[in-house]
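S.K.: Sharing data.cif (mmCIF, C-alpha atoms and all ligand atoms) below.
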```
data_start
#
loop_
_atom_site.label_atom_id
_atom_site.label_comp_id
_atom_site.auth_asym_id
_atom_site.auth_seq_id
_atom_site.Cartn_x
_atom_site.Cartn_y
_atom_site.Cartn_z
CA MET K 1 -113.92 10.51 3.59
CA MET K 2 -116.98 9.40 1.64
CA ASP K 3 -119.68 7.56 3.52
CA ASN K 4 -119.65 4.56 1.23
CA SER K 5 -115.89 3.97 1.33
CA SER K 6 -114.66 0.48 2.08
CA TYR K 7 -111.81 -0.49 4.33
CA SER K 8 -109.42 -3.30 4.80
CA PHE K 9 -107.29 -4.46 7.69
CA HIS K 10 -104.03 -6.09 6.78
CA VAL K 11 -102.94 -8.45 9.53
CA LYS K 12 -99.53 -10.10 9.66
CA LYS K 13 -98.34 -13.04 11.73
CA LEU K 14 -101.85 -14.01 12.76
CA PRO K 15 -101.88 -17.22 14.86
CA LYS K 16 -103.22 -20.03 12.65
CA ILE K 17 -105.80 -21.16 15.20
CA ILE K 18 -107.59 -17.81 14.92
CA VAL K 19 -107.95 -18.19 11.17
CA ASP K 20 -109.00 -21.84 11.43
CA ASP K 21 -111.69 -20.96 13.95
CA LEU K 22 -113.23 -18.02 12.07
CA THR K 23 -116.98 -18.44 12.06
CA LEU K 24 -119.71 -16.51 10.34
CA GLU K 25 -120.67 -15.08 13.74
CA LYS K 26 -117.13 -13.81 14.30
CA LEU K 27 -116.85 -12.40 10.78
CA ASN K 28 -120.12 -10.51 11.36
CA LYS K 29 -118.78 -9.14 14.61
CA LEU K 30 -115.66 -8.00 12.76
CA ASN K 31 -117.92 -6.26 10.24
CA CYS K 32 -116.14 -8.35 7.64
CA ILE K 33 -117.43 -9.40 4.24
CA GLY K 34 -114.38 -11.13 2.85
CA VAL K 35 -110.99 -12.46 3.87
CA LYS K 36 -108.08 -12.91 1.53
CA GLU K 37 -105.06 -15.05 2.34
CA LEU K 38 -101.93 -13.42 0.97
CA ASP K 39 -99.47 -15.64 -0.84
CA ILE K 40 -96.01 -16.18 0.48
CA GLU K 41 -93.42 -14.43 -1.75
CA GLU K 42 -91.48 -16.72 -4.07
CA ASP K 43 -88.11 -15.26 -3.11
CA VAL K 44 -88.81 -16.00 0.55
CA VAL K 45 -89.41 -19.66 -0.31
CA ASP K 46 -86.22 -19.63 -2.41
CA GLU K 47 -84.29 -18.27 0.54
CA ILE K 48 -85.50 -21.10 2.78
CA LEU K 49 -84.85 -23.71 0.09
CA GLY K 50 -81.33 -22.39 -0.57
CA ASP K 51 -79.54 -24.41 -3.31
CA LYS K 52 -82.55 -26.68 -3.58
CA SER K 53 -84.54 -23.92 -5.22
CA TYR K 54 -82.26 -24.06 -8.26
CA CYS K 55 -81.24 -27.67 -8.64
CA GLY K 56 -84.71 -29.23 -8.57
CA GLY K 57 -85.16 -32.90 -7.71
CA GLU K 58 -86.50 -34.32 -4.48
CA ILE K 59 -86.87 -31.89 -1.62
CA SER K 60 -86.43 -33.46 1.78
CA ASP K 61 -89.20 -33.53 4.39
CA GLU K 62 -86.92 -31.50 6.61
CA ILE K 63 -86.85 -28.58 4.17
CA LEU K 64 -90.56 -28.86 3.38
CA ASN K 65 -91.24 -28.73 7.12
CA LEU K 66 -89.15 -25.57 7.33
CA VAL K 67 -91.25 -23.93 4.61
CA ASP K 68 -94.46 -25.07 6.32
CA ALA K 69 -93.28 -23.74 9.66
CA TYR K 70 -92.34 -20.42 8.06
CA ILE K 71 -95.72 -20.11 6.40
CA GLU K 72 -97.55 -21.06 9.57
CA SER K 73 -95.80 -18.43 11.68
CA ASN K 74 -96.08 -15.71 9.03
CA LEU K 75 -99.67 -15.93 7.90
CA GLU K 76 -100.92 -12.70 6.36
CA TYR K 77 -104.55 -11.83 5.81
CA GLU K 78 -106.55 -8.99 4.40
CA PHE K 79 -109.95 -8.49 6.04
CA PHE K 80 -112.39 -6.55 3.85
CA LEU K 81 -114.85 -4.40 5.74
CA LYS K 82 -117.98 -2.81 4.37
CA GLU K 83 -118.12 -0.01 6.92
CA LYS K 84 -115.54 1.74 8.95
CA VAL K 85 -114.92 0.27 12.39
CA GLU K 86 -114.00 2.47 15.31
CA ASP K 87 -110.32 1.65 15.51
CA GLU K 88 -107.66 -1.03 15.35
CA VAL K 89 -108.06 -1.89 19.00
CA THR K 90 -111.73 -2.82 18.60
CA PHE K 91 -110.95 -4.87 15.50
CA ILE K 92 -108.09 -6.76 17.15
CA ASN K 93 -110.08 -7.36 20.33
CA ASN K 94 -112.92 -8.88 18.31
CA LEU K 95 -110.53 -10.91 16.17
CA PHE K 96 -108.85 -12.37 19.27
CA SER K 97 -112.02 -12.92 21.29
CA GLY K 98 -111.65 -16.32 22.89
CA TYR K 99 -107.89 -16.20 22.28
CA GLU K 100 -106.93 -13.29 24.53
CA HIS K 101 -104.00 -15.34 25.89
CA LEU K 102 -102.34 -15.04 22.44
CA LEU K 103 -102.72 -11.28 22.26
CA LYS K 104 -99.54 -10.30 24.08
CA ASP K 105 -97.32 -12.41 21.79
CA PHE K 106 -99.17 -11.11 18.76
CA ARG K 107 -98.73 -7.49 19.75
CA GLU K 108 -95.01 -8.11 20.19
CA ALA K 109 -94.51 -10.08 16.97
CA GLY K 110 -97.35 -9.07 14.75
CA SER K 111 -98.47 -6.03 12.95
CA ILE K 112 -101.69 -4.63 11.65
CA SER K 113 -102.45 -1.79 9.32
CA LEU K 114 -105.68 -0.15 8.26
CA CYS K 115 -106.19 1.15 4.77
CA GLU K 116 -109.07 2.74 2.99
CA LEU K 117 -109.95 1.09 -0.30
CA GLU K 118 -111.49 2.59 -3.38
CA ASP K 119 -115.29 2.43 -3.33
CA ASN K 120 -116.41 -1.20 -3.38
CA ASP K 121 -112.85 -2.30 -4.01
CA TRP K 122 -113.39 -5.27 -1.72
CA ASN K 123 -116.23 -6.32 -3.93
CA GLU K 124 -114.00 -6.36 -7.01
CA GLU K 125 -111.30 -8.26 -5.09
CA TRP K 126 -113.85 -10.83 -4.04
CA LYS K 127 -115.25 -11.20 -7.54
CA LYS K 128 -111.82 -11.66 -9.12
CA ASN K 129 -111.71 -15.20 -7.76
CA TYR K 130 -115.16 -16.27 -8.90
CA HIS K 131 -116.60 -16.35 -12.40
CA PRO K 132 -119.50 -18.11 -14.11
CA LEU K 133 -118.14 -21.50 -15.03
CA SER K 134 -119.23 -24.35 -17.16
CA VAL K 135 -118.52 -27.18 -14.72
CA THR K 136 -119.93 -30.16 -16.63
CA GLU K 137 -121.34 -30.84 -20.08
CA HIS K 138 -124.75 -29.52 -19.02
CA LEU K 139 -124.21 -27.39 -15.94
CA SER K 140 -122.94 -23.87 -15.32
CA VAL K 141 -122.33 -22.62 -11.80
CA ILE K 142 -122.74 -18.90 -11.41
CA PRO K 143 -121.59 -16.82 -8.45
CA SER K 144 -124.52 -14.94 -6.92
CA PHE K 145 -123.14 -11.53 -7.93
CA TYR K 146 -123.36 -12.48 -11.64
CA LYS K 147 -127.05 -13.37 -11.44
CA GLY K 148 -128.87 -11.56 -14.22
CA SER K 149 -125.64 -10.22 -15.79
CA VAL K 150 -124.69 -10.50 -19.46
CA GLU K 151 -122.37 -13.40 -18.64
CA ASP K 152 -125.28 -15.16 -16.95
CA ASP K 153 -127.66 -14.52 -19.88
CA ASN K 154 -125.18 -15.91 -22.36
CA LEU K 155 -125.00 -19.27 -20.63
CA LYS K 156 -127.38 -21.77 -22.17
CA LYS K 157 -126.88 -24.73 -19.90
CA ARG K 158 -128.65 -25.63 -16.73
CA LYS K 159 -127.63 -23.06 -14.16
CA ILE K 160 -127.08 -23.05 -10.45
CA TYR K 161 -126.41 -19.86 -8.52
CA ILE K 162 -124.04 -20.18 -5.61
CA ASN K 163 -123.02 -17.62 -3.06
CA PRO K 164 -119.33 -18.44 -2.68
CA GLY K 165 -119.52 -18.38 1.09
CA LEU K 166 -118.48 -20.71 3.83
CA GLY K 167 -120.00 -23.88 2.41
CA PHE K 168 -117.66 -26.10 0.37
CA GLY K 169 -118.91 -26.72 -3.15
CA THR K 170 -118.68 -24.31 -6.07
CA GLY K 171 -118.52 -27.17 -8.56
CA THR K 172 -114.90 -26.91 -9.55
CA HIS K 173 -113.30 -29.23 -7.02
CA PRO K 174 -112.77 -32.65 -8.62
CA THR K 175 -114.72 -34.44 -5.86
CA THR K 176 -117.79 -32.26 -6.42
CA ASN K 177 -117.29 -32.25 -10.16
CA LEU K 178 -117.33 -36.06 -10.36
CA CYS K 179 -120.68 -36.12 -8.52
CA LEU K 180 -122.10 -33.42 -10.79
CA GLU K 181 -121.03 -35.41 -13.84
CA TYR K 182 -122.86 -38.42 -12.44
CA ILE K 183 -125.96 -36.29 -11.80
CA ASP K 184 -125.76 -34.84 -15.36
CA ASN K 185 -126.84 -38.16 -16.79
CA THR K 186 -129.34 -39.38 -14.22
CA PHE K 187 -132.29 -37.00 -14.39
CA SER K 188 -134.58 -39.32 -16.32
CA LEU K 189 -133.87 -42.21 -13.90
CA ILE K 190 -134.34 -40.16 -10.79
CA GLU K 191 -137.94 -38.92 -11.27
CA GLY K 192 -140.02 -39.17 -8.09
CA MET K 193 -137.12 -40.27 -5.93
CA ARG K 194 -136.11 -39.32 -2.41
CA ILE K 195 -132.53 -38.15 -2.16
CA ILE K 196 -130.21 -37.05 0.61
CA ASP K 197 -127.23 -34.78 0.06
CA TYR K 198 -125.13 -36.00 3.00
CA GLY K 199 -122.46 -33.42 3.84
CA CYS K 200 -124.16 -30.89 1.60
CA GLY K 201 -121.75 -27.96 2.09
CA SER K 202 -123.09 -25.27 -0.25
CA GLY K 203 -125.90 -27.69 -1.19
CA ILE K 204 -124.75 -27.81 -4.80
CA LEU K 205 -125.48 -31.52 -5.41
CA GLY K 206 -128.96 -31.52 -3.88
CA LEU K 207 -129.74 -28.20 -5.57
CA TYR K 208 -128.89 -29.64 -8.96
CA PHE K 209 -131.50 -32.38 -8.51
CA LEU K 210 -134.03 -30.05 -6.92
CA LYS K 211 -133.81 -27.60 -9.75
CA TYR K 212 -133.76 -29.95 -12.71
CA ALA K 213 -135.22 -33.35 -11.78
CA LYS K 214 -138.98 -34.01 -11.72
CA ASP K 215 -140.87 -34.58 -8.46
CA VAL K 216 -137.83 -35.27 -6.33
CA GLN K 217 -137.70 -34.84 -2.60
CA VAL K 218 -134.24 -33.74 -1.53
CA ASP K 219 -132.96 -33.51 2.02
CA LEU K 220 -129.77 -31.67 2.84
CA PHE K 221 -127.61 -32.54 5.80
CA ASP K 222 -124.36 -31.21 7.16
CA ILE K 223 -122.74 -31.01 10.57
CA ASP K 224 -121.47 -27.50 9.90
CA LYS K 225 -123.99 -24.76 10.64
CA ASP K 226 -122.17 -22.21 8.46
CA ALA K 227 -122.44 -24.61 5.53
CA LEU K 228 -126.17 -25.02 6.19
CA GLU K 229 -126.63 -21.27 6.31
CA ASN K 230 -124.85 -21.04 2.96
CA ALA K 231 -127.00 -23.88 1.59
CA ARG K 232 -130.15 -22.02 2.64
CA ASP K 233 -128.86 -18.88 0.94
CA ASN K 234 -128.26 -20.87 -2.22
CA LEU K 235 -131.73 -22.44 -2.13
CA SER K 236 -133.33 -19.01 -2.13
CA LEU K 237 -130.91 -17.69 -4.76
CA ASN K 238 -132.19 -20.45 -7.02
CA GLU K 239 -135.79 -19.75 -6.06
CA LEU K 240 -136.23 -23.18 -4.55
CA ASN K 241 -138.69 -22.41 -1.81
CA SER K 242 -140.15 -24.65 0.81
CA THR K 243 -142.48 -26.39 -1.61
CA ASN K 244 -139.46 -27.98 -3.23
CA VAL K 245 -137.41 -28.56 -0.14
CA PHE K 246 -138.80 -30.85 2.46
CA ASP K 247 -136.23 -30.74 5.18
CA ILE K 248 -132.91 -29.33 6.09
CA TYR K 249 -131.83 -31.40 9.02
CA PHE K 250 -129.65 -30.26 11.82
CA GLU K 251 -129.44 -33.56 13.67
CA VAL K 252 -128.81 -37.00 12.29
CA ASN K 253 -131.46 -38.62 14.44
CA LYS K 254 -134.14 -36.63 12.64
CA PHE K 255 -133.69 -38.57 9.42
CA LEU K 256 -132.58 -41.96 10.66
CA ASN K 257 -136.09 -43.29 10.11
CA ASN K 258 -136.24 -42.10 6.51
CA LYS K 259 -135.38 -44.29 3.53
CA TYR K 260 -133.63 -42.87 0.50
CA ASP K 261 -133.41 -43.96 -3.12
CA LEU K 262 -130.16 -42.08 -3.50
CA ILE K 263 -127.47 -40.97 -1.06
CA LEU K 264 -124.91 -38.44 -2.26
CA ALA K 265 -121.88 -38.33 0.02
CA ASN K 266 -118.89 -36.28 -0.99
CA ILE K 267 -116.96 -36.46 2.28
CA LEU K 268 -113.47 -37.66 3.12
CA LEU K 269 -112.57 -41.33 3.67
CA PRO K 270 -112.65 -41.40 7.49
CA VAL K 271 -116.17 -39.93 7.50
CA LEU K 272 -117.34 -42.29 4.72
CA LYS K 273 -116.15 -45.15 6.91
CA ASP K 274 -117.73 -43.74 10.08
CA GLU K 275 -121.05 -43.18 8.36
CA LEU K 276 -121.37 -46.64 6.76
CA SER K 277 -123.83 -47.91 9.37
CA THR K 278 -126.02 -44.81 8.87
CA PHE K 279 -125.93 -45.26 5.10
CA MET K 280 -126.93 -48.94 5.51
CA GLN K 281 -129.82 -47.89 7.69
CA ILE K 282 -131.23 -45.14 5.49
CA LEU K 283 -130.74 -46.63 2.01
CA LYS K 284 -133.80 -48.21 0.37
CA PRO K 285 -133.42 -51.87 -0.78
CA ASN K 286 -132.76 -50.84 -4.39
CA GLY K 287 -131.07 -47.58 -3.52
CA VAL K 288 -127.90 -46.14 -4.98
CA ILE K 289 -125.08 -44.52 -3.07
CA VAL K 290 -122.55 -42.08 -4.53
CA LEU K 291 -119.29 -41.91 -2.58
CA SER K 292 -116.83 -39.18 -3.47
CA GLY K 293 -113.90 -37.48 -1.73
CA ILE K 294 -111.72 -40.60 -1.98
CA LEU K 295 -108.11 -40.41 -3.11
CA GLU K 296 -106.91 -43.03 -5.66
CA GLU K 297 -104.72 -44.66 -3.02
CA GLN K 298 -107.66 -44.92 -0.58
CA VAL K 299 -110.03 -46.81 -2.89
CA GLU K 300 -108.88 -50.27 -1.75
CA GLU K 301 -109.29 -49.31 1.90
CA LEU K 302 -112.79 -47.99 1.29
CA LEU K 303 -113.86 -51.01 -0.75
CA SER K 304 -112.61 -53.46 1.82
CA PHE K 305 -114.42 -51.52 4.56
CA TYR K 306 -117.65 -51.57 2.50
CA GLN K 307 -117.13 -55.15 1.23
CA GLU K 308 -119.76 -56.86 3.38
CA PHE K 309 -122.34 -54.19 2.48
CA ILE K 310 -121.48 -54.45 -1.24
CA GLU K 311 -121.75 -58.26 -1.21
CA LYS K 312 -124.96 -58.29 0.80
CA LYS K 313 -126.62 -55.84 -1.58
CA LYS K 314 -125.03 -57.41 -4.69
CA PHE K 315 -123.96 -53.93 -5.72
CA LYS K 316 -122.29 -53.18 -9.01
CA ILE K 317 -119.57 -50.55 -8.73
CA HIS K 318 -119.09 -47.70 -11.15
CA ARG K 319 -115.82 -45.82 -10.81
CA SER K 320 -114.82 -42.43 -12.24
CA SER K 321 -111.79 -40.34 -11.42
CA LYS K 322 -110.25 -36.93 -11.85
CA GLU K 323 -106.95 -35.41 -10.73
CA GLY K 324 -106.21 -38.21 -8.26
CA TRP K 325 -109.73 -38.26 -6.78
CA VAL K 326 -112.20 -41.10 -7.22
CA CYS K 327 -115.99 -41.26 -7.13
CA LEU K 328 -117.65 -44.66 -6.59
CA VAL K 329 -121.29 -45.28 -7.38
CA LEU K 330 -122.70 -48.39 -5.70
CA GLY K 331 -126.03 -49.78 -6.87
CA ASN K 332 -127.83 -52.62 -8.61
CA GLU K 333 -128.70 -50.78 -11.78
CA LEU K 334 -126.11 -48.21 -12.71
C1 LIG C 401 -116.15 -32.01 0.66
S1 LIG C 401 -117.50 -31.13 1.35
C2 LIG C 401 -118.75 -31.51 0.15
C3 LIG C 401 -119.71 -30.38 -0.08
C4 LIG C 401 -120.67 -30.60 -1.26
N1 LIG C 401 -121.56 -31.72 -1.01
C5 LIG C 401 -119.90 -30.84 -2.55
O1 LIG C 401 -120.04 -31.93 -3.10
O2 LIG C 401 -119.18 -29.94 -2.99
C6 LIG C 401 -117.90 -32.20 2.71
C7 LIG C 401 -118.98 -31.66 3.63
O3 LIG C 401 -119.29 -32.70 4.57
C8 LIG C 401 -119.52 -32.13 5.84
N2 LIG C 401 -119.29 -33.19 6.84
C9 LIG C 401 -118.13 -33.59 7.41
N3 LIG C 401 -118.36 -34.62 8.25
C10 LIG C 401 -119.68 -34.87 8.22
C11 LIG C 401 -120.53 -35.81 8.87
N4 LIG C 401 -120.05 -36.70 9.74
N5 LIG C 401 -121.84 -35.80 8.60
C12 LIG C 401 -122.34 -34.89 7.71
N6 LIG C 401 -121.59 -33.98 7.07
C13 LIG C 401 -120.28 -33.96 7.31
C14 LIG C 401 -118.57 -30.96 5.90
O4 LIG C 401 -119.01 -30.01 6.85
C15 LIG C 401 -118.60 -30.45 4.46
O5 LIG C 401 -119.57 -29.44 4.29
#
```
Just give me the structure as C-alpha cells.
M.R.:
Amino acid sequence: MMDNSSYSFHVKKLPKIIVDDLTLEKLNKLNCIGVKELDIEEDVVDEILGDKSYCGGEISDEILNLVDAYIESNLEYEFFLKEKVEDEVTFINNLFSGYEHLLKDFREAGSISLCELEDNDWNEEWKKNYHPLSVTEHLSVIPSFYKGSVEDDNLKKRKIYINPGLGFGTGTHPTTNLCLEYIDNTFSLIEGMRIIDYGCGSGILGLYFLKYAKDVQVDLFDIDKDALENARDNLSLNELNSTNVFDIYFEVNKFLNNKYDLILANILLPVLKDELSTFMQILKPNGVIVLSGILEEQVEELLSFYQEFIEKKKFKIHRSSKEGWVCLVLGNEL
C-alpha cells in the first residue's frame, strides 16, 4: 500500500442521533475529512410506495411516514479518511463515543466495510459537490480548493472564498441568496457603518461587506462553535485579518451594549421571534434590519410579532422572495 493512499469507511444502518451529533471534534478524532450521505435507491422507495409509485397523485401521510421511517433506520454514510486508521474497531468505538449503549444493536443490525480509495479520491468526491458559482449579479462564491485556479481567474465579479465546512452559507440557499442580493446594491449606502451578521454560519454575509464595502466594522455572531470556526477559516481565506474584523463574539452579552446600523439575520422564524428584544436593543435609531429564513406562509406571523416594533420605528418594509422563502428588510430609508 502506498503511504499517501486514502481510505473510506462505509457504514450502514447508523443511528440517526450519531450523525446529527457529529461535531468537528469528533470528526477529527475519527481522522475524517469528509462525510457523504448515500442516497436511498429509487427502487426501494418504489417498493414501499407500491401502486402509488406508478399512479401519481396525492401520497398519504401514512405512506410518507413509512418512507421516512425506512430512511431513518437505514441511513448509509461514507466517511472519507486522509490516513489509515488502525482498524474497524477503533473507528467504530470513536464513532459511537457517548453512544455506547447503541453499539450492541448496531453490531447486530448494522454493517461496516473499509475500502482503500485511489489517491486523493476523497478529495475528488468532495469537490464534485462544490464549484465556483455566480450567486448574484455581482458576486461569485468560490470553494477554497479552487482558489487561484483557472476557474477562479476567469471570474470577473466580486469574489468570496468559502471553505464548504460545517458553517451554513455557501451562497446558493435561497435565504442566503436573498440577503446577498440585498447586499449587492447597498455598498455605497453602507460606507462607515457598523454591522452585525447575526447567525453568521460560514460568515458569508459579513464577509461580503468586509471585503467590498468601505470602512465598515462587521461583527459576526453565532451560537454554533463549529460555524464560528468555519467563519474564522473563511476570514483568513479571504485575507481579512484582524484589522478588518473587530470582534467575533462567542456570547451575546458581549455585544448587547453595542449599537448597529445594520443587522443581518438569516435565521428561522422561531429564532427571529426569540431575538426580537435583542434586535430592538442593539439597533441604532435609524438602523436597518434584514430578516431572512422566513417561509412565505410565515410572513404574516412574523409581521404581526414585529408589528409594535415596526410601528414604533415607522419602518418601511421591503420584501423579496425566492423558491418559497422571503427576505424582509425593515428600515426608514430603503
Ligand atoms: C440559516 S443559517 C445562516 C448562515 C449565514 N448567515 C447565511 O446567511 O447563509 C443560520 C445560523 O444561525 C445560527 N443560529 C441559530 N440560532 C441562533 C441564535 N439564537 N443566535 C445566533 N445564531 C443562531 C445557526 O447556528 C446558523 O449558523
S.K.: Produce a table with one row for each residue of chain K that has an atom at most 7 Å from any atom of ligand LIG 401 (chain C), each row naming the nearest atom pair and its distance in Å at one decimal; use only C-alpha atoms and all ligand atoms; arrange rows by chain and rising residue number; format as a tab-separated table.
M.R.:
```
residue	atom	partner	partner_atom	distance
K:Gly167	CA	C:LIG401	O5	5.9
K:Phe168	CA	C:LIG401	C3	4.8
K:Gly169	CA	C:LIG401	O2	3.2
K:Thr170	CA	C:LIG401	O2	6.4
K:Gly171	CA	C:LIG401	O2	6.3
K:Thr175	CA	C:LIG401	O1	6.5
K:Thr176	CA	C:LIG401	O1	4.0
K:Cys179	CA	C:LIG401	O1	6.9
K:Asp197	CA	C:LIG401	N1	6.5
K:Tyr198	CA	C:LIG401	C12	5.6
K:Gly199	CA	C:LIG401	O3	3.3
K:Cys200	CA	C:LIG401	N1	3.8
K:Gly201	CA	C:LIG401	O5	3.4
K:Ser202	CA	C:LIG401	C4	5.9
K:Gly203	CA	C:LIG401	N1	5.9
K:Ile204	CA	C:LIG401	C4	6.1
K:Leu205	CA	C:LIG401	N1	5.9
K:Phe221	CA	C:LIG401	C12	6.1
K:Asp222	CA	C:LIG401	N6	3.9
K:Ile223	CA	C:LIG401	N6	4.7
K:Asp224	CA	C:LIG401	O4	4.7
K:Ala227	CA	C:LIG401	O5	5.8
K:Ala265	CA	C:LIG401	N1	6.7
K:Asn266	CA	C:LIG401	C2	4.9
K:Ile267	CA	C:LIG401	C6	4.4
K:Leu268	CA	C:LIG401	C1	6.7
K:Val271	CA	C:LIG401	N4	5.5
K:Glu275	CA	C:LIG401	N4	6.7
K:Gly293	CA	C:LIG401	C1	6.4
```
S.K.: Those residues with C-alpha atoms, as an mmCIF file, in the frame of the given file please?
M.R.:
```
data_model
loop_
_atom_site.group_PDB
_atom_site.id
_atom_site.type_symbol
_atom_site.label_atom_id
_atom_site.label_comp_id
_atom_site.auth_asym_id
_atom_site.auth_seq_id
_atom_site.Cartn_x
_atom_site.Cartn_y
_atom_site.Cartn_z
ATOM 1 C CA GLY K 167 -120.000 -23.880 2.410
ATOM 2 C CA PHE K 168 -117.660 -26.100 0.370
ATOM 3 C CA GLY K 169 -118.910 -26.720 -3.150
ATOM 4 C CA THR K 170 -118.680 -24.310 -6.070
ATOM 5 C CA GLY K 171 -118.520 -27.170 -8.560
ATOM 6 C CA THR K 175 -114.720 -34.440 -5.860
ATOM 7 C CA THR K 176 -117.790 -32.260 -6.420
ATOM 8 C CA CYS K 179 -120.680 -36.120 -8.520
ATOM 9 C CA ASP K 197 -127.230 -34.780 0.060
ATOM 10 C CA TYR K 198 -125.130 -36.000 3.000
ATOM 11 C CA GLY K 199 -122.460 -33.420 3.840
ATOM 12 C CA CYS K 200 -124.160 -30.890 1.600
ATOM 13 C CA GLY K 201 -121.750 -27.960 2.090
ATOM 14 C CA SER K 202 -123.090 -25.270 -0.250
ATOM 15 C CA GLY K 203 -125.900 -27.690 -1.190
ATOM 16 C CA ILE K 204 -124.750 -27.810 -4.800
ATOM 17 C CA LEU K 205 -125.480 -31.520 -5.410
ATOM 18 C CA PHE K 221 -127.610 -32.540 5.800
ATOM 19 C CA ASP K 222 -124.360 -31.210 7.160
ATOM 20 C CA ILE K 223 -122.740 -31.010 10.570
ATOM 21 C CA ASP K 224 -121.470 -27.500 9.900
ATOM 22 C CA ALA K 227 -122.440 -24.610 5.530
ATOM 23 C CA ALA K 265 -121.880 -38.330 0.020
ATOM 24 C CA ASN K 266 -118.890 -36.280 -0.990
ATOM 25 C CA ILE K 267 -116.960 -36.460 2.280
ATOM 26 C CA LEU K 268 -113.470 -37.660 3.120
ATOM 27 C CA VAL K 271 -116.170 -39.930 7.500
ATOM 28 C CA GLU K 275 -121.050 -43.180 8.360
ATOM 29 C CA GLY K 293 -113.900 -37.480 -1.730
#
```
S.K.: Could you check the closest approach to K:Lys211 for each of K:Lys159, K:Lys12, K:Lys225, K:Arg194 and tell me which residue wins, using all atoms listed in the file?
M.R.: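 Among K:Lys159, K:Lys12, K:Lys225, K:Arg194, it is K:Lys159 that comes nearest to K:Lys211.
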S.K.: Which residues are near stretch 319-323 of chain K? Cut-off 10 Å, only C-alpha atoms, ignore same chain within fewer than 2 positions. Put them as a VMD selection string.
M.R.: chain K and resid 173 to 175 177 to 179 181 to 182 290 to 292 294 to 296 299 316 to 317 325 to 330
S.K.: Have a look at atom CA of K:Pro270 and atom CA of K:Val35 and let me know their distance in Å, one decimal.
M.R.: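 It comes out at 29.2 Å.
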S.K.: Here is a test: counting all atoms listed in the file, which residue of K:Ile142, K:Ala69, K:Leu95, K:Ile282 is nearest to K:Lys29?
M.R.: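 Using all atoms listed in the file, K:Lys29 sits closest to K:Leu95.
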S.K.: For atom CA of K:Pro285 and atom CA of K:Leu262, quote the distance in Å rounded to one decimal.
M.R.: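 According to the coordinates, atom CA of K:Pro285 and atom CA of K:Leu262 are separated by 10.7 Å.
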S.K.: Which residue, K:Glu100, K:Asp219, K:Glu37, K:Asp21, has the smallest gap to K:Asp261 when you use all atoms listed in the file?
M.R.: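 Of K:Glu100, K:Asp219, K:Glu37, K:Asp21, the one nearest K:Asp261, counting all atoms listed in the file, is K:Asp219.
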S.K.: Pick the closest to K:Thr172 from K:Thr136, K:Thr90, K:Asn230, K:Ser113: which is it, counting only C-alpha atoms?
M.R.: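 Between K:Thr136, K:Thr90, K:Asn230, K:Ser113, the residue approaching K:Thr172 most closely is K:Thr136.
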S.K.: What's around K:Lys13 at 7 Å? Count all atoms listed in the file, leave out sequence neighbours fewer than 5 positions away in its own chain, and write the answer as a PyMOL selection string.
M.R.: chain K and resi 73-76+110
S.K.: Just to be explicit: take each residue in the selection above, keep C-alpha atoms, and write the result as a PDB file, keeping the file's coordinate frame.
M.R.:
```
ATOM      1  CA  SER K  73     -95.800 -18.430  11.680  1.00  0.00           C
ATOM      2  CA  ASN K  74     -96.080 -15.710   9.030  1.00  0.00           C
ATOM      3  CA  LEU K  75     -99.670 -15.930   7.900  1.00  0.00           C
ATOM      4  CA  GLU K  76    -100.920 -12.700   6.360  1.00  0.00           C
ATOM      5  CA  GLY K 110     -97.350  -9.070  14.750  1.00  0.00           C
TER       6      GLY K 110
END
```
S.K.: So the first atom is atom CA of K:Ile162 and the second is atom CA of K:Asp215; what is the distance between them in Å, to one decimal place?
M.R.: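 Calculated distance between atom CA of K:Ile162 and atom CA of K:Asp215 is 22.3 Å.
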